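What follows is the content of final_23.cif, which has mmCIF, C-alpha atoms and all ligand atoms:
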```cif
data_input
loop_
_atom_site.group_PDB
_atom_site.id
_atom_site.type_symbol
_atom_site.label_atom_id
_atom_site.label_comp_id
_atom_site.auth_asym_id
_atom_site.auth_seq_id
_atom_site.Cartn_x
_atom_site.Cartn_y
_atom_site.Cartn_z
ATOM 1 C CA MET O 1 28.930 -14.462 19.821
ATOM 2 C CA ASN O 2 26.349 -11.952 21.039
ATOM 3 C CA LEU O 3 23.600 -12.685 18.535
ATOM 4 C CA GLU O 4 21.438 -9.680 19.412
ATOM 5 C CA LYS O 5 24.395 -7.296 18.949
ATOM 6 C CA ARG O 6 25.465 -9.024 15.715
ATOM 7 C CA SER O 7 21.993 -8.739 14.191
ATOM 8 C CA LEU O 8 21.699 -5.048 15.135
ATOM 9 C CA GLU O 9 25.123 -4.394 13.590
ATOM 10 C CA MET O 10 23.915 -6.037 10.361
ATOM 11 C CA GLN O 11 20.834 -3.820 10.416
ATOM 12 C CA ASP O 12 22.942 -0.640 10.842
ATOM 13 C CA PHE O 13 25.384 -1.711 8.145
ATOM 14 C CA PHE O 14 22.729 -2.535 5.546
ATOM 15 C CA ASN O 15 20.591 0.513 6.321
ATOM 16 C CA GLU O 16 23.660 2.590 5.391
ATOM 17 C CA LYS O 17 24.491 0.521 2.284
ATOM 18 C CA ALA O 18 20.960 -0.062 0.937
ATOM 19 C CA ASP O 19 20.953 2.701 -1.685
ATOM 20 C CA GLY O 20 24.027 1.479 -3.568
ATOM 21 C CA TYR O 21 23.467 -2.211 -2.810
ATOM 22 C CA ASP O 22 22.173 -3.453 -6.172
ATOM 23 C CA GLU O 23 24.913 -1.732 -8.153
ATOM 24 C CA VAL O 24 27.602 -3.482 -6.077
ATOM 25 C CA HIS O 25 25.892 -6.880 -6.118
ATOM 26 C CA LEU O 26 24.498 -7.139 -9.673
ATOM 27 C CA PRO O 27 27.841 -8.632 -10.879
ATOM 28 C CA PHE O 28 27.068 -11.640 -8.655
ATOM 29 C CA MET O 29 23.718 -12.479 -10.271
ATOM 30 C CA ASP O 30 25.214 -15.723 -11.657
ATOM 31 C CA SER O 31 25.489 -17.035 -8.097
ATOM 32 C CA LYS O 32 21.991 -15.879 -7.112
ATOM 33 C CA LYS O 33 20.643 -17.494 -10.289
ATOM 34 C CA MET O 34 21.996 -20.881 -9.125
ATOM 35 C CA ILE O 35 19.191 -20.888 -6.548
ATOM 36 C CA CYS O 36 16.494 -20.475 -9.196
ATOM 37 C CA ASP O 37 18.124 -23.088 -11.434
ATOM 38 C CA SER O 38 17.985 -25.638 -8.600
ATOM 39 C CA LEU O 39 14.302 -25.186 -7.800
ATOM 40 C CA ASP O 40 11.893 -27.900 -8.776
ATOM 41 C CA ASN O 41 9.198 -26.997 -11.330
ATOM 42 C CA SER O 42 6.531 -27.932 -8.783
ATOM 43 C CA VAL O 43 7.645 -25.136 -6.394
ATOM 44 C CA GLU O 44 4.726 -23.151 -4.921
ATOM 45 C CA ARG O 45 5.849 -21.727 -1.573
ATOM 46 C CA ILE O 46 9.267 -20.224 -0.830
ATOM 47 C CA LEU O 47 10.746 -18.620 2.281
ATOM 48 C CA ASP O 48 13.710 -16.257 1.698
ATOM 49 C CA LEU O 49 16.020 -15.566 4.670
ATOM 50 C CA GLY O 50 17.870 -12.241 4.488
ATOM 51 C CA ALA O 51 16.130 -11.334 1.225
ATOM 52 C CA GLY O 52 17.464 -7.761 1.223
ATOM 53 C CA THR O 53 16.491 -5.944 -1.982
ATOM 54 C CA GLY O 54 15.357 -9.279 -3.447
ATOM 55 C CA LEU O 55 18.012 -9.771 -6.149
ATOM 56 C CA GLU O 56 17.806 -13.604 -5.933
ATOM 57 C CA LEU O 57 14.031 -13.319 -6.428
ATOM 58 C CA VAL O 58 14.387 -11.629 -9.849
ATOM 59 C CA PRO O 59 15.141 -14.845 -11.827
ATOM 60 C CA ILE O 60 12.678 -16.791 -9.639
ATOM 61 C CA PHE O 61 9.710 -14.526 -10.482
ATOM 62 C CA GLU O 62 10.776 -14.507 -14.154
ATOM 63 C CA LYS O 63 10.597 -18.303 -14.264
ATOM 64 C CA TYR O 64 7.778 -18.878 -11.735
ATOM 65 C CA PRO O 65 5.526 -15.769 -11.823
ATOM 66 C CA ASN O 66 2.870 -17.395 -9.632
ATOM 67 C CA VAL O 67 5.129 -18.575 -6.840
ATOM 68 C CA HIS O 68 4.285 -17.443 -3.298
ATOM 69 C CA VAL O 69 7.273 -15.905 -1.476
ATOM 70 C CA THR O 70 7.686 -14.887 2.171
ATOM 71 C CA ALA O 71 10.772 -12.693 2.629
ATOM 72 C CA ILE O 72 12.399 -12.003 5.989
ATOM 73 C CA ASP O 73 15.006 -9.296 6.531
ATOM 74 C CA ILE O 74 16.047 -7.195 9.506
ATOM 75 C CA THR O 75 16.839 -4.069 7.442
ATOM 76 C CA GLU O 76 13.851 -1.918 6.562
ATOM 77 C CA LYS O 77 15.626 0.121 3.861
ATOM 78 C CA MET O 78 16.625 -3.054 1.988
ATOM 79 C CA LEU O 79 13.031 -4.317 2.119
ATOM 80 C CA ASN O 80 11.693 -0.972 0.868
ATOM 81 C CA LEU O 81 13.752 -1.507 -2.295
ATOM 82 C CA LEU O 82 12.377 -5.050 -2.619
ATOM 83 C CA LYS O 83 8.828 -3.647 -2.403
ATOM 84 C CA GLU O 84 9.595 -1.337 -5.375
ATOM 85 C CA ARG O 85 10.362 -4.276 -7.708
ATOM 86 C CA ASP O 86 7.676 -5.205 -10.222
ATOM 87 C CA PHE O 87 6.953 -8.366 -8.196
ATOM 88 C CA GLY O 88 7.140 -6.487 -4.868
ATOM 89 C CA ASP O 89 3.430 -6.676 -4.145
ATOM 90 C CA LYS O 90 3.477 -10.457 -4.617
ATOM 91 C CA VAL O 91 5.886 -10.950 -1.691
ATOM 92 C CA ASP O 92 4.838 -11.282 1.952
ATOM 93 C CA ILE O 93 7.426 -9.180 3.713
ATOM 94 C CA ILE O 94 8.483 -9.619 7.323
ATOM 95 C CA CYS O 95 10.869 -7.012 8.727
ATOM 96 C CA GLY O 96 12.555 -8.871 11.588
ATOM 97 C CA ASP O 97 15.395 -11.039 12.815
ATOM 98 C CA PHE O 98 15.359 -14.525 11.304
ATOM 99 C CA PHE O 99 16.615 -15.913 14.609
ATOM 100 C CA LYS O 100 13.417 -14.665 16.283
ATOM 101 C CA VAL O 101 10.660 -14.523 13.658
ATOM 102 C CA ASP O 102 8.273 -17.454 13.384
ATOM 103 C CA PHE O 103 8.816 -18.987 9.907
ATOM 104 C CA GLY O 104 5.517 -20.800 9.558
ATOM 105 C CA ASP O 105 5.684 -24.151 7.753
ATOM 106 C CA ASN O 106 4.872 -26.170 4.664
ATOM 107 C CA TYR O 107 7.435 -24.488 2.367
ATOM 108 C CA ASP O 108 8.654 -26.290 -0.760
ATOM 109 C CA ALA O 109 11.937 -24.409 -0.479
ATOM 110 C CA VAL O 110 13.751 -22.145 1.936
ATOM 111 C CA ILE O 111 16.357 -20.019 0.168
ATOM 112 C CA SER O 112 19.072 -17.669 1.338
ATOM 113 C CA SER O 113 21.636 -15.656 -0.596
ATOM 114 C CA ALA O 114 24.745 -14.075 0.947
ATOM 115 C CA ALA O 115 23.077 -13.664 4.342
ATOM 116 C CA LEU O 116 24.282 -16.405 6.679
ATOM 117 C CA HIS O 117 28.100 -16.118 6.654
ATOM 118 C CA HIS O 118 28.151 -13.983 9.810
ATOM 119 C CA PHE O 119 26.779 -16.735 12.024
ATOM 120 C CA VAL O 120 28.530 -19.777 13.476
ATOM 121 C CA GLY O 121 28.210 -22.592 16.015
ATOM 122 C CA ASN O 122 24.941 -23.253 17.823
ATOM 123 C CA ASP O 123 23.373 -20.102 16.373
ATOM 124 C CA LYS O 124 23.728 -21.555 12.881
ATOM 125 C CA LEU O 125 22.681 -25.048 13.985
ATOM 126 C CA ASN O 126 19.519 -23.742 15.697
ATOM 127 C CA LEU O 127 18.645 -21.651 12.642
ATOM 128 C CA TYR O 128 19.006 -24.702 10.389
ATOM 129 C CA LYS O 129 16.760 -26.737 12.723
ATOM 130 C CA LYS O 130 14.164 -23.978 12.376
ATOM 131 C CA VAL O 131 14.555 -24.100 8.582
ATOM 132 C CA TYR O 132 14.163 -27.894 8.653
ATOM 133 C CA ASP O 133 10.933 -27.635 10.673
ATOM 134 C CA SER O 134 9.481 -25.093 8.248
ATOM 135 C CA LEU O 135 9.944 -27.312 5.156
ATOM 136 C CA LYS O 136 7.604 -29.900 3.671
ATOM 137 C CA LYS O 137 8.973 -33.454 3.603
ATOM 138 C CA GLY O 138 11.276 -33.596 0.570
ATOM 139 C CA GLY O 139 11.629 -29.784 0.612
ATOM 140 C CA LEU O 140 14.961 -28.091 -0.075
ATOM 141 C CA PHE O 141 17.060 -25.534 1.777
ATOM 142 C CA LEU O 142 19.130 -23.711 -0.839
ATOM 143 C CA ASN O 143 21.829 -21.568 0.726
ATOM 144 C CA CYS O 144 24.087 -19.663 -1.658
ATOM 145 C CA ASP O 145 26.828 -18.036 0.387
ATOM 146 C CA CYS O 146 30.559 -17.513 0.718
ATOM 147 C CA HIS O 147 32.608 -20.053 2.668
ATOM 148 C CA ALA O 148 36.002 -20.362 4.315
ATOM 149 C CA ILE O 149 38.681 -21.988 2.125
ATOM 150 C CA ASP O 150 39.716 -24.460 4.833
ATOM 151 C CA ASP O 151 39.620 -25.014 8.616
ATOM 152 C CA GLU O 152 42.584 -22.709 9.144
ATOM 153 C CA ASP O 153 40.888 -19.878 7.243
ATOM 154 C CA GLU O 154 37.634 -20.446 9.185
ATOM 155 C CA GLU O 155 39.423 -20.380 12.570
ATOM 156 C CA LYS O 156 41.558 -17.346 11.655
ATOM 157 C CA ARG O 157 38.563 -15.249 10.611
ATOM 158 C CA LEU O 158 36.530 -16.178 13.668
ATOM 159 C CA ARG O 159 39.505 -15.426 15.945
ATOM 160 C CA GLU O 160 39.986 -12.005 14.293
ATOM 161 C CA PHE O 161 36.312 -11.239 14.828
ATOM 162 C CA ILE O 162 36.355 -12.322 18.490
ATOM 163 C CA GLU O 163 39.576 -10.471 19.272
ATOM 164 C CA THR O 164 38.650 -7.241 17.471
ATOM 165 C CA PRO O 165 34.839 -7.072 17.538
ATOM 166 C CA ASP O 166 34.687 -3.347 16.869
ATOM 167 C CA LEU O 167 37.321 -3.222 14.145
ATOM 168 C CA MET O 168 34.844 -3.860 11.368
ATOM 169 C CA ARG O 169 31.157 -4.361 12.144
ATOM 170 C CA HIS O 170 30.616 -6.365 8.991
ATOM 171 C CA MET O 171 33.585 -8.749 9.376
ATOM 172 C CA ASP O 172 32.768 -12.066 7.687
ATOM 173 C CA THR O 173 33.000 -15.286 9.720
ATOM 174 C CA PRO O 174 32.227 -17.939 7.073
ATOM 175 C CA VAL O 175 32.533 -21.651 7.795
ATOM 176 C CA THR O 176 33.857 -24.219 5.303
ATOM 177 C CA VAL O 177 31.390 -26.021 3.012
ATOM 178 C CA GLU O 178 32.263 -29.222 4.905
ATOM 179 C CA HIS O 179 31.115 -27.612 8.172
ATOM 180 C CA GLU O 180 28.047 -26.166 6.433
ATOM 181 C CA ILE O 181 27.116 -29.725 5.393
ATOM 182 C CA GLU O 182 27.752 -30.992 8.940
ATOM 183 C CA PHE O 183 25.391 -28.323 10.355
ATOM 184 C CA LEU O 184 22.684 -29.407 7.915
ATOM 185 C CA ILE O 185 23.021 -33.105 8.728
ATOM 186 C CA ASN O 186 23.056 -32.339 12.482
ATOM 187 C CA ALA O 187 19.917 -30.232 12.027
ATOM 188 C CA GLY O 188 18.128 -33.287 10.629
ATOM 189 C CA PHE O 189 18.435 -32.953 6.825
ATOM 190 C CA SER O 190 18.560 -36.362 5.153
ATOM 191 C CA GLU O 191 21.050 -35.216 2.506
ATOM 192 C CA ALA O 192 23.363 -32.225 2.201
ATOM 193 C CA TYR O 193 25.671 -31.443 -0.707
ATOM 194 C CA VAL O 194 27.324 -28.693 -2.748
ATOM 195 C CA LYS O 195 25.406 -28.048 -5.962
ATOM 196 C CA GLY O 196 27.288 -25.151 -7.539
ATOM 197 C CA ASP O 197 30.321 -22.905 -7.172
ATOM 198 C CA THR O 198 30.945 -19.546 -8.830
ATOM 199 C CA GLY O 199 34.274 -19.031 -7.054
ATOM 200 C CA LYS O 200 33.086 -16.404 -4.589
ATOM 201 C CA TYR O 201 29.829 -18.182 -3.692
ATOM 202 C CA GLN O 202 28.866 -21.818 -3.247
ATOM 203 C CA LEU O 203 25.345 -23.220 -3.319
ATOM 204 C CA VAL O 204 24.858 -25.742 -0.510
ATOM 205 C CA ILE O 205 21.628 -27.734 -0.457
ATOM 206 C CA GLY O 206 19.943 -29.592 2.376
ATOM 207 C CA LYS O 207 17.080 -31.983 1.552
ATOM 208 C CA LYS O 208 14.471 -32.748 4.215
HETATM 209 C C1 LIG U 1 24.452 -9.298 1.727
HETATM 210 S S1 LIG U 1 22.745 -9.009 2.014
HETATM 211 C C2 LIG U 1 22.006 -10.192 0.918
HETATM 212 C C3 LIG U 1 20.717 -9.697 0.302
HETATM 213 C C4 LIG U 1 20.159 -10.597 -0.799
HETATM 214 N N1 LIG U 1 19.785 -11.877 -0.266
HETATM 215 C C5 LIG U 1 21.155 -10.764 -1.918
HETATM 216 O O1 LIG U 1 21.698 -11.853 -2.131
HETATM 217 O O2 LIG U 1 21.423 -9.768 -2.612
HETATM 218 C C6 LIG U 1 22.439 -9.751 3.598
HETATM 219 C C7 LIG U 1 21.048 -9.448 4.119
HETATM 220 O O3 LIG U 1 20.826 -10.241 5.288
HETATM 221 C C8 LIG U 1 20.094 -9.457 6.225
HETATM 222 N N2 LIG U 1 20.298 -9.986 7.575
HETATM 223 C C9 LIG U 1 21.462 -10.118 8.248
HETATM 224 N N3 LIG U 1 21.238 -10.626 9.478
HETATM 225 C C10 LIG U 1 19.899 -10.821 9.577
HETATM 226 C C11 LIG U 1 19.037 -11.339 10.600
HETATM 227 N N4 LIG U 1 19.528 -11.735 11.774
HETATM 228 N N5 LIG U 1 17.711 -11.419 10.354
HETATM 229 C C12 LIG U 1 17.195 -11.009 9.163
HETATM 230 N N6 LIG U 1 17.969 -10.510 8.152
HETATM 231 C C13 LIG U 1 19.289 -10.423 8.356
HETATM 232 C C14 LIG U 1 20.658 -8.056 6.035
HETATM 233 O O4 LIG U 1 19.777 -7.065 6.526
HETATM 234 C C15 LIG U 1 20.865 -7.990 4.522
HETATM 235 O O5 LIG U 1 19.756 -7.443 3.856
#
```

Could you quickly redo this structure as structure tokens?
Ligand SMILES: C[S@@+](CC[C@H](N)C(=O)[O-])C[C@H]1O[C@@H](n2cnc3c(N)ncnc32)[C@H](O)[C@@H]1O
Amino acid sequence: MNLEKRSLEMQDFFNEKADGYDEVHLPFMDSKKMICDSLDNSVERILDLGAGTGLELVPIFEKYPNVHVTAIDITEKMLNLLKERDFGDKVDIICGDFFKVDFGDNYDAVISSAALHHFVGNDKLNLYKKVYDSLKKGGLFLNCDCHAIDDEDEEKRLREFIETPDLMRHMDTPVTVEHEIEFLINAGFSEAYVKGDTGKYQLVIGKK
């Protein structure tokens, strides 16, 4: 997979979709809320990968108004909408590619919602190693995303993407939750497990 090309395609896609994004995705707030519900009360510092317009941050700032959030996203128009939220000025915003941007360290939690199902193989493994390094000991990576139903589904979708790369820029290539857990363990997490499932999205957690 050409990672540079993939990330630029994401940027193009979401720059076009940014204006109507919240309307389409508000029905999935129950899945984004699973992230907030799984945070520990002692949470102080959070990194959000692919934060977009910041929908998953809405319940987090409601429950933890003093939390410090760093949000990374490659799509400027999505981040502009995040900045307009009432908590927008409390978020450190980085417009960039999470494969390239330096994450910093010492986070209590790294979160991600609906942003990582376009990446597979070593790209995903290397990203998860970077997440691991950025967390405090005992910190959590909370990734709420869609997943392939089984190995056959995962292989079929990846094959379709490889064979017809220009058919649909935004073609999903999700892995199964079992493979997601394997990536986390191989990246160094001491535990990895599924915490919640809303049907379309599953919350997978890695503990450092
Ligand atoms: C489906 S949206 C999810 C937004 C938000 N997290 C939510 O749940 O509503 C996926 C986001 O991931 C961002 N994204 C995709 N690839 C990225 C990359 N390589 N680096 C940074 N952001 C990326 C997109 O720009 C987009 O805003």

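All residues, whether protein, DNA or RNA, that have an atom at most 6 Å from ligand LIG 1 (chain U) (counting all atoms listed in the file) are Ser7, Met10, Gln11, Phe14, Gly50, Ala51, Gly52, Gly54, Leu55, Glu56, Ile72, Asp73, Ile74, Thr75, Met78, Gly96, Asp97, Phe98, Phe99, Ser113, Ala114 and Ala115 of chain O.
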
For this session: Could you tell me which of O:His68, O:Gly206, O:Glu62, O:Asp105 comes closest to Asp86 of chain O if we count only C-alpha atoms?
Result: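 Closest to Asp86 of chain O, using only C-alpha atoms: O:Glu62.
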
Exercise. Which value, in Å to one decimal, gives the distance between atom CA of Val69 of chain O and atom CA of Arg45 of chain O?
Worked result: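 Answer for the atom CA of Val69 of chain O to atom CA of Arg45 of chain O separation: 6.0 Å.
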
Exercise. By how many Å are atom CA of Leu142 of chain O and atom CA of Leu184 of chain O apart?
Worked result: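 It comes out at 11.0 Å.
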
Problem set entry | Closest of O:Glu191, O:Asp133, O:Asp48, O:Glu182 to Ile94 of chain O - atom-to-atom distances counting only C-alpha atoms |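 Looking only at the distances to Ile94 of chain O, the closest residue turns out to be O:Asp48.
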
Which residues, named as in the file, does the PyMOL selection byres (((chain O and resi 125) around 12) and not hetatm) pick out? Answer as a JSON list (two decimals) with C-alpha atoms, in the coordinates of the input.
```json
[["chain", "number", "residue", "atom", "x", "y", "z"],
["O", 99, "PHE", "CA", 16.61, -15.91, 14.61],
["O", 116, "LEU", "CA", 24.28, -16.40, 6.68],
["O", 119, "PHE", "CA", 26.78, -16.74, 12.02],
["O", 120, "VAL", "CA", 28.53, -19.78, 13.48],
["O", 121, "GLY", "CA", 28.21, -22.59, 16.02],
["O", 122, "ASN", "CA", 24.94, -23.25, 17.82],
["O", 123, "ASP", "CA", 23.37, -20.10, 16.37],
["O", 124, "LYS", "CA", 23.73, -21.56, 12.88],
["O", 126, "ASN", "CA", 19.52, -23.74, 15.70],
["O", 127, "LEU", "CA", 18.64, -21.65, 12.64],
["O", 128, "TYR", "CA", 19.01, -24.70, 10.39],
["O", 129, "LYS", "CA", 16.76, -26.74, 12.72],
["O", 130, "LYS", "CA", 14.16, -23.98, 12.38],
["O", 131, "VAL", "CA", 14.56, -24.10, 8.58],
["O", 132, "TYR", "CA", 14.16, -27.89, 8.65],
["O", 179, "HIS", "CA", 31.12, -27.61, 8.17],
["O", 180, "GLU", "CA", 28.05, -26.17, 6.43],
["O", 181, "ILE", "CA", 27.12, -29.72, 5.39],
["O", 182, "GLU", "CA", 27.75, -30.99, 8.94],
["O", 183, "PHE", "CA", 25.39, -28.32, 10.36],
["O", 184, "LEU", "CA", 22.68, -29.41, 7.92],
["O", 185, "ILE", "CA", 23.02, -33.10, 8.73],
["O", 186, "ASN", "CA", 23.06, -32.34, 12.48],
["O", 187, "ALA", "CA", 19.92, -30.23, 12.03],
["O", 188, "GLY", "CA", 18.13, -33.29, 10.63],
["O", 189, "PHE", "CA", 18.43, -32.95, 6.82]]
```

For this session: I need the residue set behind the PyMOL selection byres (((chain O and resi 193) around 9) and not hetatm) for this file; please write it as a PyMOL selection string.
Result: chain O and resi 177-178+181+191-192+194-195+203-207

Problem set entry | Shell of 10 Å around Asn80 of chain O, only C-alpha atoms, local chain residues under 6 positions omitted, as a ChimeraX atom specification | /O:18,52-53,88,93,95

For this session: Taking the file above as input, evaluate the PyMOL selection byres (((chain O and resi 173) around 7) and not hetatm) and report the hits as a PyMOL selection string.
Result: chain O and resi 117-119+154+157-158+171-172+174-175

Give the centre and edge lengths of an axis-aligned box, in Å to one decimal, that holds all listed atoms of segment 186-196 of chain O with 3 Å on each side, as AutoDock Vina command-line options.
```
--center_x 22.7 --center_y -30.8 --center_z 2.5 --size_x 15.2 --size_y 17.2 --size_z 26.0
```

Exercise. Any idea what's packed within 9 Å of Leu140 of chain O, counting all atoms listed in the file, ignoring anything in its chain fewer than 3 positions away? Could you give it as a count of residues only?
Worked result: 14

For this session: Have a look at O:Ile149, O:Glu76, O:Ile60, O:Phe87 and name the one nearest to Glu44 of chain O; count only C-alpha atoms.
Result: O:Ile60

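The two atoms in question, atom CA of His147 of chain O and atom CA of Tyr201 of chain O, are spaced 7.2 Å apart.
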
Exercise. Taking into account all atoms listed in the file, which residue in the set O:Val91, O:Leu49, O:Leu81, O:Cys146 is nearest to Gly20 of chain O?
Worked result: O:Leu81

Exercise. Restricting the calculation to all atoms listed in the file, which member of O:Phe28, O:Phe161, O:Phe13, O:Phe103 is positioned closest to Asp145 of chain O?
Worked result: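 Among the listed residues, the smallest separation from Asp145 of chain O belongs to O:Phe28.
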
For this session: Identify which of the residues O:Asp102, O:Ala148, O:Pro65, O:Leu57 lies closest to Lys32 of chain O, counting only C-alpha atoms when measuring atom-to-atom distances.
Result: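 Under the stated criterion, the closest residue is O:Leu57.
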
For this session: Using all atoms listed in the file, find all polymer residues with an atom at most 7 Å away from the point (7.8, -21.9, -8.5); report them as number ranges by chain.
Result: O: 41-44, 64, 66-67
